[in-house]
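Engineer: This is the content of protein_30.txt (compact mmCIF, C-alpha atoms):
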# COMPACT_ATOMS: atom_id res chain seq x y z
CA MET A 1 -26.67 -29.75 2.79
CA LEU A 2 -26.28 -30.00 -0.94
CA ALA A 3 -22.96 -28.80 -2.35
CA PRO A 4 -23.00 -26.83 -5.64
CA PRO A 5 -22.98 -28.91 -8.85
CA SER A 6 -19.60 -30.19 -9.96
CA PHE A 7 -18.77 -32.29 -13.05
CA TRP A 8 -15.81 -32.88 -15.40
CA PRO A 9 -14.22 -29.62 -16.64
CA GLU A 10 -14.66 -29.95 -20.41
CA PRO A 11 -18.36 -30.71 -21.01
CA ARG A 12 -17.64 -33.01 -23.98
CA ASP A 13 -15.02 -35.07 -22.13
CA PRO A 14 -16.74 -37.25 -19.49
CA ALA A 15 -13.77 -39.63 -19.64
CA ALA A 16 -11.85 -37.03 -17.63
CA TRP A 17 -13.53 -38.34 -14.50
CA LEU A 18 -12.65 -41.91 -15.47
CA ARG A 19 -9.01 -40.93 -15.97
CA ALA A 20 -9.06 -39.33 -12.54
CA LEU A 21 -10.52 -42.46 -10.95
CA ALA A 22 -7.92 -44.60 -12.73
CA ILE A 23 -5.11 -42.48 -11.27
CA LEU A 24 -6.52 -42.90 -7.77
CA ALA A 25 -6.98 -46.65 -8.33
CA LYS A 26 -3.30 -46.99 -9.27
CA SER A 27 -2.15 -45.04 -6.23
CA GLU A 28 -0.22 -46.87 -3.53
CA LYS A 29 -2.77 -45.53 -1.08
CA THR A 30 -6.27 -46.95 -0.90
CA THR A 31 -7.69 -44.06 1.11
CA PHE A 32 -7.57 -40.35 0.46
CA SER A 33 -8.10 -37.18 2.46
CA GLY A 34 -10.42 -34.32 1.46
CA TYR A 35 -11.20 -33.40 -2.12
CA TRP A 36 -8.87 -30.37 -2.25
CA SER A 37 -5.87 -32.30 -1.00
CA THR A 38 -6.76 -35.27 -3.24
CA TRP A 39 -6.75 -32.93 -6.22
CA GLU A 40 -3.45 -31.33 -5.22
CA GLN A 41 -1.70 -34.65 -4.67
CA TYR A 42 -3.03 -36.67 -7.62
CA LEU A 43 -5.27 -34.88 -10.08
CA THR A 44 -3.88 -31.44 -10.96
CA LYS A 45 -2.94 -32.59 -14.48
CA THR A 46 -6.18 -34.48 -15.09
CA ILE A 47 -9.18 -32.44 -13.95
CA SER A 48 -9.77 -28.96 -12.63
CA ARG A 49 -10.02 -28.12 -8.96
CA ARG A 50 -13.73 -27.32 -9.29
CA SER A 51 -14.41 -30.68 -10.92
CA THR A 52 -13.07 -32.71 -8.01
CA PRO A 53 -15.82 -32.40 -5.34
CA GLY A 54 -18.35 -33.91 -7.74
CA LEU A 55 -16.56 -37.26 -7.53
CA PHE A 56 -17.16 -37.45 -3.79
CA GLY A 57 -20.23 -38.58 -1.89
CA LEU A 58 -21.68 -37.93 1.54
CA ASP A 59 -19.42 -35.87 3.80
CA THR A 60 -20.33 -36.74 7.38
CA THR A 61 -17.73 -34.47 8.98
CA THR A 62 -19.94 -31.40 8.52
CA LYS A 63 -23.07 -30.51 10.46
CA PRO A 64 -25.43 -31.05 8.79
CA ALA A 65 -23.84 -33.68 6.59
CA LYS A 66 -23.32 -32.66 2.98
CA ILE A 67 -23.79 -34.50 -0.32
CA LEU A 68 -20.78 -33.32 -2.33
CA GLY A 69 -21.36 -35.14 -5.62
CA VAL A 70 -22.16 -38.54 -7.06
CA GLY A 71 -20.41 -40.86 -4.61
CA LEU A 72 -17.66 -42.36 -6.77
CA LEU A 73 -15.50 -41.75 -3.72
CA GLU A 74 -17.20 -42.67 -0.48
CA SER A 75 -16.42 -42.01 3.14
CA THR A 76 -14.53 -44.74 5.00
CA PRO A 77 -16.33 -46.36 7.95
CA ASP A 78 -14.53 -44.12 10.46
CA GLY A 79 -15.49 -41.04 8.44
CA LYS A 80 -11.93 -39.73 8.43
CA SER A 81 -10.96 -40.39 4.82
CA TRP A 82 -12.28 -41.45 1.41
CA GLN A 83 -12.03 -44.52 -0.79
CA LEU A 84 -13.16 -45.58 -4.25
CA SER A 85 -16.72 -46.89 -4.11
CA GLU A 86 -17.90 -50.16 -5.63
CA GLU A 87 -19.61 -48.13 -8.36
CA ALA A 88 -16.30 -46.48 -9.21
CA GLN A 89 -14.53 -49.84 -9.38
CA LEU A 90 -17.27 -51.17 -11.67
CA LEU A 91 -17.01 -48.14 -13.95
CA LEU A 92 -13.25 -48.62 -14.24
CA THR A 93 -13.72 -52.30 -15.04
CA ILE A 94 -16.11 -51.44 -17.87
CA TRP A 95 -13.80 -48.67 -19.10
CA ARG A 96 -10.84 -51.06 -19.27
CA GLU A 97 -12.85 -53.33 -21.57
CA ASN A 98 -12.41 -50.60 -24.19
CA ASP A 99 -16.11 -50.27 -24.96
CA PRO A 100 -16.72 -46.48 -25.02
CA GLN A 101 -20.49 -46.73 -25.55
CA LYS A 102 -20.99 -49.15 -22.68
CA THR A 103 -18.76 -47.01 -20.45
CA LEU A 104 -20.65 -43.80 -21.18
CA GLU A 105 -23.97 -45.55 -20.60
CA ALA A 106 -22.79 -46.88 -17.23
CA LEU A 107 -21.56 -43.43 -16.19
CA ALA A 108 -24.82 -41.83 -17.30
CA VAL A 109 -26.94 -44.33 -15.36
CA HIS A 110 -24.83 -43.70 -12.26
CA LEU A 111 -25.37 -39.94 -12.59
CA LEU A 112 -29.10 -40.40 -13.13
CA LYS A 113 -29.31 -42.35 -9.90
CA LYS A 114 -26.88 -40.44 -7.66
CA SER A 115 -26.49 -36.88 -8.94
CA VAL A 116 -29.00 -34.91 -6.91
CA TRP A 117 -28.46 -31.88 -9.15
CA LEU A 118 -29.05 -33.78 -12.39
CA ARG A 119 -32.16 -35.43 -10.98
CA LEU A 120 -33.44 -32.03 -9.85
CA LEU A 121 -32.88 -30.58 -13.33
CA LEU A 122 -34.58 -33.49 -15.09
CA LEU A 123 -37.56 -33.40 -12.71
CA HIS A 124 -38.09 -29.71 -13.50
CA LEU A 125 -37.66 -30.33 -17.24
CA ALA A 126 -40.13 -33.23 -17.19
CA ARG A 127 -42.77 -31.10 -15.46
CA GLY A 128 -42.16 -28.08 -17.73
CA ASP A 129 -40.93 -25.82 -14.92
CA TRP A 130 -37.51 -25.33 -16.55
CA GLN A 131 -36.45 -25.33 -20.18
CA ILE A 132 -33.36 -26.08 -22.24
CA SER A 133 -32.81 -23.22 -24.68
CA HIS A 134 -29.36 -23.48 -26.30
CA TRP A 135 -26.01 -25.04 -25.42
CA GLN A 136 -24.23 -21.76 -24.67
CA GLN A 137 -26.56 -21.09 -21.75
CA PRO A 138 -28.78 -24.15 -21.82
CA ILE A 139 -30.92 -24.00 -18.68
CA LYS A 140 -33.67 -21.41 -18.33
CA VAL A 141 -34.95 -21.07 -14.75
CA HIS A 142 -37.67 -18.77 -13.42
CA SER A 143 -37.36 -19.40 -9.67
CA ARG A 144 -34.97 -18.81 -6.78
CA PRO A 145 -32.49 -21.51 -5.66
CA THR A 146 -34.13 -21.73 -2.23
CA THR A 147 -37.33 -23.08 -3.84
CA TRP A 148 -35.82 -25.50 -6.35
CA THR A 149 -36.14 -28.64 -4.21
CA GLU A 150 -39.55 -27.89 -2.67
CA GLY A 151 -41.82 -30.91 -3.02
CA ARG A 152 -39.13 -32.88 -4.83
CA GLU A 153 -36.75 -33.78 -1.99
CA ASN A 154 -37.31 -37.54 -2.02
CA ALA A 155 -37.28 -37.74 -5.81
CA CYS A 156 -34.05 -35.71 -6.00
CA LEU A 157 -32.21 -38.07 -3.66
CA GLY A 158 -32.60 -41.06 -5.95
CA ALA A 159 -30.23 -43.86 -4.95
CA TRP A 160 -29.17 -41.94 -1.83
CA MET A 161 -32.54 -42.91 -0.38
CA THR A 162 -31.63 -46.61 -0.49
CA SER A 163 -27.86 -46.44 -0.06
CA ASP A 164 -26.34 -49.39 1.79
CA SER A 165 -24.30 -47.03 3.95
CA THR A 166 -26.88 -44.33 4.61
CA PHE A 167 -30.62 -44.54 5.09
CA PHE A 168 -32.75 -41.39 5.23
CA PHE A 169 -35.87 -40.79 7.25
CA PRO A 170 -38.00 -37.63 7.11
CA GLU A 171 -38.04 -35.23 10.04
CA ASN A 172 -40.45 -32.37 10.63
CA LYS A 173 -38.52 -29.16 10.00
CA SER A 174 -39.85 -25.75 9.10
CA ASN A 175 -38.84 -24.18 5.77
CA THR A 176 -36.73 -27.15 4.75
CA THR A 177 -36.70 -30.91 4.51
CA ALA A 178 -34.27 -32.86 6.64
CA PHE A 179 -33.27 -36.50 6.79
CA LYS A 180 -31.40 -38.50 9.38
CA SER A 181 -29.19 -41.46 8.56
CA GLN A 182 -29.03 -44.63 10.62
CA LYS A 183 -25.59 -43.44 11.73
CA GLY A 184 -27.19 -40.27 13.09
CA HIS A 185 -26.09 -37.81 10.40
CA ASN A 186 -28.52 -34.94 9.79
CA ILE A 187 -28.90 -34.14 6.11
CA ILE A 188 -30.81 -31.08 4.97
CA ILE A 189 -31.83 -31.03 1.33
CA ARG A 190 -31.58 -27.35 0.53
CA THR A 191 -29.27 -24.97 -1.28
CA GLU A 192 -27.45 -21.94 0.03
CA HIS A 193 -29.25 -18.57 0.13
CA LYS A 194 -27.23 -17.31 -2.82
CA LEU A 195 -27.34 -17.59 -6.57
CA ILE A 196 -26.08 -20.99 -7.66
CA SER A 197 -24.78 -21.49 -11.18
CA LEU A 198 -26.25 -24.44 -13.04
CA ALA A 199 -23.60 -24.14 -15.77
CA PRO A 200 -21.68 -27.27 -14.62
CA LEU A 201 -24.77 -29.36 -15.43
CA LYS A 202 -24.08 -28.72 -19.11
CA ALA A 203 -21.53 -31.55 -18.92
CA SER A 204 -24.12 -34.10 -17.84
CA LEU A 205 -26.56 -32.84 -20.49
CA TYR A 206 -23.92 -33.33 -23.19
CA LEU A 207 -23.42 -36.89 -21.96
CA LEU A 208 -27.15 -37.69 -22.12
CA ASP A 209 -27.41 -36.04 -25.53
CA SER A 210 -24.48 -38.05 -26.90
CA LEU A 211 -26.34 -41.24 -25.95
CA ASP A 212 -29.53 -39.95 -27.60
CA TRP A 213 -31.23 -40.00 -24.21
CA LEU A 214 -32.04 -36.28 -24.34
CA ARG A 215 -34.61 -35.30 -26.96
CA ASN A 216 -36.35 -31.95 -27.22
CA GLY A 217 -35.15 -31.09 -23.74
CA GLN A 218 -36.61 -34.24 -22.17
CA LEU A 219 -35.06 -37.45 -20.86
CA ILE A 220 -36.05 -40.40 -23.06
CA LEU A 221 -34.48 -43.61 -21.76
CA PRO A 222 -34.19 -47.09 -23.30
CA LEU A 223 -37.06 -49.31 -22.19
CA HIS A 224 -35.00 -51.42 -19.76
CA LEU A 225 -34.04 -48.23 -17.90
CA ALA A 226 -37.34 -46.40 -18.25
CA GLN A 227 -39.05 -49.24 -16.38
CA GLN A 228 -37.00 -48.61 -13.25
CA PRO A 229 -39.14 -46.47 -10.89
CA ASP A 230 -36.26 -44.29 -9.66
CA LEU A 231 -35.46 -43.38 -13.28
CA ALA A 232 -38.99 -43.30 -14.68
CA ILE A 233 -39.91 -40.24 -12.61
CA LEU A 234 -37.19 -38.24 -14.40
CA SER A 235 -38.86 -38.57 -17.80
CA PRO A 236 -41.92 -36.73 -19.13
CA VAL A 237 -45.17 -37.85 -17.55
CA PRO A 238 -46.87 -40.46 -19.79
CA ASP A 239 -50.43 -40.13 -21.00
CA SER A 240 -52.04 -43.04 -19.16
CA PRO A 241 -53.68 -42.16 -15.81
CA SER A 242 -52.29 -45.29 -14.13
CA ALA A 243 -48.72 -44.32 -15.10
CA GLN A 244 -49.32 -40.72 -14.01
CA LEU A 245 -50.60 -41.84 -10.63
CA GLN A 246 -47.64 -44.21 -10.28
CA ILE A 247 -45.17 -41.41 -11.00
CA ALA A 248 -46.96 -39.09 -8.56
CA THR A 249 -46.75 -41.84 -5.95
CA SER A 250 -43.04 -42.49 -6.59
CA THR A 251 -42.22 -38.78 -6.53
CA HIS A 252 -43.46 -38.44 -2.95
CA ALA A 253 -42.41 -41.90 -1.69
CA ASP A 254 -39.98 -42.40 1.17
CA MET A 255 -37.40 -45.19 1.22
CA ARG A 256 -39.96 -47.64 2.65
CA GLY A 257 -42.38 -47.05 -0.22
CA PHE A 258 -44.90 -45.00 1.76
CA SER A 259 -46.34 -41.83 0.19
CA PRO A 260 -48.56 -39.05 1.64
CA VAL A 261 -51.88 -39.58 -0.07
CA GLU A 262 -53.04 -35.94 -0.37
CA PRO A 263 -49.80 -34.62 -1.99
CA VAL A 264 -49.85 -37.64 -4.32
CA MET A 265 -53.40 -36.91 -5.45
CA ARG A 266 -52.72 -33.19 -5.87
CA THR A 267 -49.70 -33.99 -8.04
CA PHE A 268 -51.82 -36.47 -10.01
CA ALA A 269 -54.46 -33.76 -10.54
CA GLN A 270 -51.75 -31.50 -11.99
CA TYR A 271 -50.48 -34.24 -14.29
CA THR A 272 -53.98 -34.86 -15.64
CA ALA A 273 -54.67 -31.12 -16.08
CA ILE A 274 -57.73 -31.14 -13.82
CA ALA A 275 -56.27 -29.28 -10.84
CA SER A 276 -57.81 -25.97 -11.92
CA THR A 277 -61.32 -27.45 -11.66
CA LEU A 278 -60.65 -28.57 -8.08
CA GLU A 279 -59.66 -25.21 -6.64
CA THR A 280 -61.71 -25.35 -3.45
CA ALA A 281 -60.82 -27.71 -0.62
CA ASN A 282 -64.29 -29.29 -0.60
CA SER A 283 -64.27 -30.07 -4.32
CA PHE A 284 -60.79 -31.61 -4.17
CA GLU A 285 -61.61 -33.74 -1.14
CA LYS A 286 -64.86 -34.97 -2.69
CA TRP A 287 -63.15 -35.86 -5.97
CA MET A 288 -60.26 -37.58 -4.16
CA ASP A 289 -62.55 -39.65 -1.93
CA GLU A 290 -64.88 -40.72 -4.75
CA LEU A 291 -62.08 -41.62 -7.15
CA LEU A 292 -60.06 -43.58 -4.60
CA GLY A 293 -63.17 -45.23 -3.19
CA ALA A 294 -64.14 -46.54 -6.62
CA ALA A 295 -60.58 -47.54 -7.49
CA LEU A 296 -60.13 -49.51 -4.29
CA LYS A 297 -63.54 -51.17 -4.63
CA LYS A 298 -62.86 -52.31 -8.20
CA GLY A 299 -59.27 -53.38 -7.46
CA ALA A 300 -57.75 -50.75 -9.74
CA ILE A 301 -55.72 -49.67 -6.70
CA GLU A 302 -54.53 -52.23 -4.17
CA LEU A 303 -53.84 -50.82 -0.71
CA HIS A 304 -51.09 -52.75 1.07
CA ALA A 305 -50.59 -50.64 4.20
CA ALA A 306 -51.36 -47.25 5.73
CA GLU A 307 -49.85 -45.25 8.58
CA PRO A 308 -50.39 -41.98 10.47
CA GLY A 309 -48.31 -39.06 9.28
CA GLN A 310 -47.50 -35.49 10.20
CA ALA A 311 -49.36 -32.24 9.65
CA ARG A 312 -47.31 -31.49 6.53
CA HIS A 313 -48.63 -34.71 4.94
CA GLY A 314 -52.08 -33.20 4.67
CA ARG A 315 -55.35 -35.07 4.75
CA GLY A 316 -55.43 -38.84 5.17
CA LEU A 317 -57.20 -41.44 3.08
CA PHE A 318 -60.94 -40.63 3.31
CA GLY A 319 -60.05 -38.05 5.95
CA ASP A 320 -58.59 -40.68 8.30
CA ARG A 321 -55.63 -39.24 10.23
CA GLN A 322 -54.39 -42.76 10.87
CA ARG A 323 -53.98 -43.29 7.11
CA LYS A 324 -52.04 -40.28 5.87
CA LEU A 325 -49.20 -42.40 4.49
CA ILE A 326 -50.09 -45.15 2.08
CA ASN A 327 -48.37 -48.00 0.32
CA TRP A 328 -50.34 -49.14 -2.71
CA SER A 329 -50.14 -50.65 -6.17
CA ILE A 330 -51.84 -49.10 -9.20
CA HIS A 331 -53.16 -51.54 -11.82
CA PRO A 332 -53.98 -50.92 -15.53
CA GLU A 333 -57.70 -51.07 -14.73
CA PHE A 334 -57.33 -47.56 -13.32
CA ASP A 335 -57.10 -46.22 -16.90
CA ALA A 336 -60.63 -47.33 -17.74
CA LEU A 337 -62.04 -46.12 -14.43
CA PHE A 338 -60.52 -42.63 -14.31
CA PRO A 339 -62.43 -40.90 -17.18
CA ALA A 340 -65.67 -41.15 -15.23
CA PHE A 341 -64.08 -39.06 -12.47
CA LYS A 342 -62.76 -36.22 -14.60
CA PRO A 343 -64.48 -33.41 -12.69
CA VAL A 344 -67.03 -31.13 -14.25
CA ASN A 345 -68.21 -29.63 -11.00
CA TYR A 346 -67.42 -31.06 -7.58
CA GLU A 347 -68.83 -28.21 -5.55
Rewrite the structure from the file as structure tokens, please.

Structural biologist:
Amino acid sequence: MLAPPSFWPEPRDPAAWLRALAILAKSEKTTFSGYWSTWEQYLTKTISRRSTPGLFGLDTTTKPAKILGVGLLESTPDGKSWQLSEEAQLLLTIWRENDPQKTLEALAVHLLKKSVWLRLLLLHLARGDWQISHWQQPIKVHSRPTTWTEGRENACLGAWMTSDSTFFFPENKSNTTAFKSQKGHNIIIRTEHKLISLAPLKASLYLLDSLDWLRNGQLILPLHLAQQPDLAILSPVPDSPSAQLQIATSTHADMRGFSPVEPVMRTFAQYTAIASTLETANSFEKWMDELLGAALKKGAIELHAAEPGQARHGRGLFGDRQRKLINWSIHPEFDALFPAFKPVNYE
């Protein structure tokens, strides 16, 4: 499960979390119990009660397991207590160097990689599904919480997909998407069937805005960060077809780098604003087969591997059920090839 969003209490004071981590680091104890008791014993004068769960990571004591926050405190190997993660220790090291800009950047990058809620928000903003209106009530949403993660589960998980302590693999579940860790923990990426407030996310938006990474309601990262695939998918879709196909591929990819080819191509069709001309199944399939056939023949797409998938993965490559999941590379030559396959009529 995915716990409700939780960040530092005063939106313009991200250092509150760092002060909380510093207090825990100075404690005589190196392990801590649950987030409520940790707050009561150490943090009542530093952060609010509601801000505390966001510091924590994957809680394996619940069934299904629950992602509480951003993993600055991680579960101990026995699962009975919590400890500061390596990321938390690194943040504190940077903070002690008395370089506020570098510290805020490091915290922001960590959130971009491990805050499922922030990644979900940025994915919706990048695709135009949600909007930022004003700071008093910044996030404008026109959908129910139970649908927020649909089709975005892998992309929302970010660094949780490749965590050293937990690896996720898709399972076939109805009405939800579930993952199982190597340690056998079931993790269901869904929200509760009740209205969830997105107000706490204002804190993370303030942080991104203070770094000039949030412009006109969109994430605009420095080049060295924008080139990282797990961060690139959070920004607005670029204009080049090769980059759009790469983002579509990354959005649907599992931790091994395999993506379901039909959902990838449908997402790509939406990015390139041609989906409306491919409304019938026959026209979409014909366009998909002809485009990918030409791209593979000319080397604009390089297919490394393919595997069978499940029914929810849709149609396979050229209709082959044994090639529903693909691992490929998209090359710049795809940009020159694609215009010839912008559909006029594929009936």

Engineer: Within 8 Å of range 20-30 of chain A, counting all atoms listed in the file, which residues qualify if same-chain residues fewer than 2 places away don't, as a PyMOL selection string?

Structural biologist: chain A and resi 16-18+32+42-43+46-47+83-84+88+92

Engineer: Report, in Å with one decimal, the straight-line distance from CA of Ala106 in chain A to CA of Trp36 in chain A.

Structural biologist: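 Straight-line distance from CA of Ala106 in chain A to CA of Trp36 in chain A works out to 26.3 Å.
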
Engineer: Can you pull out the residues contacting Ser259 in chain A? Cut-off 8 Å, using all atoms listed in the file, and skip same-chain residues under 6 positions away; I want them as a compact mmCIF listing (two decimals) with C-alpha atoms, in the frame of the given file.

Structural biologist:
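Final output, result.txt:
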# COMPACT_ATOMS: atom_id res chain seq x y z
CA THR A 249 -46.75 -41.84 -5.95
CA SER A 250 -43.04 -42.49 -6.59
CA HIS A 252 -43.46 -38.44 -2.95
CA ALA A 253 -42.41 -41.90 -1.69
CA LEU A 325 -49.20 -42.40 4.49
CA ILE A 326 -50.09 -45.15 2.08
CA ASN A 327 -48.37 -48.00 0.32

Engineer: Within 12 Å of (-49.2, -50.1, -6.8), in the coordinates the file gives, what residues turn up when you count only C-alpha atoms, written out as a PyMOL selection string?

Structural biologist: chain A and resi 229+242-250+253+257-259+295-296+299-305+326-334

Engineer: Which residue, A:Gly69, A:Phe318, A:Ala15, A:Thr52, has the smallest gap to Trp95 in chain A when you use only C-alpha atoms?

Structural biologist: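 Of the candidates, the smallest distance to Trp95 in chain A is held by A:Ala15.
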
Engineer: Have a look at CA of Asp239 in chain A and CA of Lys297 in chain A and let me know their distance in Å, one decimal.

Structural biologist: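 Answer for the CA of Asp239 in chain A to CA of Lys297 in chain A separation: 23.7 Å.
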
Engineer: For Leu201 in chain A, which of A:Leu317, A:Leu337, A:Leu68, A:Leu121 is the closest residue, counting only C-alpha atoms?

Structural biologist: A:Leu121

Engineer: May I ask which of the residues A:Leu58, A:Ile132, A:Leu112, A:Met288 is the closest one to Ala199 in chain A, counting all atoms listed in the file?

Structural biologist: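 Using all atoms listed in the file, Ala199 in chain A sits closest to A:Ile132.
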
Engineer: Under the rule that all atoms listed in the file are counted, which of A:Met265, A:Leu211, A:Leu231, A:Met161 is the nearest residue to Pro100 in chain A?

Structural biologist: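 With all atoms listed in the file as the atom set, the closest residue is A:Leu211.
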
Engineer: Please complete range 259-268 of chain A so it has all heavy atoms, and hand it over as a short mmCIF file (atom, residue, chain, number, x, y, z; two decimals), in the coordinates of the input.

Structural biologist:
data_model
loop_
_atom_site.label_atom_id
_atom_site.label_comp_id
_atom_site.auth_asym_id
_atom_site.auth_seq_id
_atom_site.Cartn_x
_atom_site.Cartn_y
_atom_site.Cartn_z
N SER A 259 -46.15 -43.15 0.77
CA SER A 259 -46.34 -41.83 0.19
C SER A 259 -47.50 -41.13 0.88
O SER A 259 -48.49 -41.77 1.24
CB SER A 259 -46.64 -41.93 -1.31
OG SER A 259 -45.65 -42.66 -1.99
N PRO A 260 -47.43 -39.81 1.07
CA PRO A 260 -48.56 -39.05 1.64
C PRO A 260 -49.66 -38.92 0.61
O PRO A 260 -49.46 -38.39 -0.48
CB PRO A 260 -47.94 -37.70 1.99
CG PRO A 260 -46.77 -37.56 1.07
CD PRO A 260 -46.26 -38.95 0.81
N VAL A 261 -50.84 -39.41 0.94
CA VAL A 261 -51.88 -39.58 -0.07
C VAL A 261 -52.37 -38.24 -0.65
O VAL A 261 -52.59 -38.13 -1.86
CB VAL A 261 -53.06 -40.41 0.51
CG1 VAL A 261 -53.73 -39.70 1.67
CG2 VAL A 261 -54.05 -40.75 -0.59
N GLU A 262 -52.54 -37.20 0.19
CA GLU A 262 -53.04 -35.94 -0.37
C GLU A 262 -52.04 -35.31 -1.35
O GLU A 262 -52.44 -34.94 -2.47
CB GLU A 262 -53.40 -34.94 0.73
CG GLU A 262 -53.93 -33.64 0.14
CD GLU A 262 -54.32 -32.61 1.18
OE1 GLU A 262 -54.59 -32.98 2.34
OE2 GLU A 262 -54.35 -31.42 0.83
N PRO A 263 -50.74 -35.16 -1.00
CA PRO A 263 -49.80 -34.62 -1.99
C PRO A 263 -49.73 -35.45 -3.26
O PRO A 263 -49.59 -34.90 -4.36
CB PRO A 263 -48.47 -34.64 -1.24
CG PRO A 263 -48.84 -34.50 0.20
CD PRO A 263 -50.12 -35.28 0.33
N VAL A 264 -49.86 -36.78 -3.13
CA VAL A 264 -49.85 -37.64 -4.32
C VAL A 264 -51.03 -37.30 -5.22
O VAL A 264 -50.89 -37.12 -6.45
CB VAL A 264 -49.91 -39.13 -3.92
CG1 VAL A 264 -50.27 -40.00 -5.12
CG2 VAL A 264 -48.58 -39.57 -3.33
N MET A 265 -52.21 -37.17 -4.64
CA MET A 265 -53.40 -36.91 -5.45
C MET A 265 -53.41 -35.49 -6.02
O MET A 265 -53.92 -35.26 -7.12
CB MET A 265 -54.67 -37.16 -4.63
CG MET A 265 -54.84 -38.62 -4.20
SD MET A 265 -54.76 -39.79 -5.60
CE MET A 265 -56.23 -39.34 -6.51
N ARG A 266 -52.83 -34.55 -5.32
CA ARG A 266 -52.72 -33.19 -5.87
C ARG A 266 -51.74 -33.17 -7.05
O ARG A 266 -51.98 -32.48 -8.04
CB ARG A 266 -52.30 -32.20 -4.78
CG ARG A 266 -53.39 -31.95 -3.74
CD ARG A 266 -53.09 -30.75 -2.86
NE ARG A 266 -54.15 -30.52 -1.90
CZ ARG A 266 -55.28 -29.86 -2.17
NH1 ARG A 266 -55.48 -29.36 -3.38
NH2 ARG A 266 -56.20 -29.69 -1.24
N THR A 267 -50.65 -33.89 -6.93
CA THR A 267 -49.70 -33.99 -8.04
C THR A 267 -50.37 -34.69 -9.22
O THR A 267 -50.21 -34.27 -10.38
CB THR A 267 -48.45 -34.74 -7.60
OG1 THR A 267 -47.80 -34.02 -6.54
CG2 THR A 267 -47.46 -34.89 -8.76
N PHE A 268 -51.11 -35.75 -8.94
CA PHE A 268 -51.82 -36.47 -10.01
C PHE A 268 -52.82 -35.54 -10.71
O PHE A 268 -52.95 -35.57 -11.94
CB PHE A 268 -52.53 -37.68 -9.41
CG PHE A 268 -53.43 -38.40 -10.37
CD1 PHE A 268 -52.90 -39.07 -11.47
CD2 PHE A 268 -54.81 -38.41 -10.19
CE1 PHE A 268 -53.73 -39.74 -12.37
CE2 PHE A 268 -55.64 -39.08 -11.08
CZ PHE A 268 -55.10 -39.74 -12.17
#
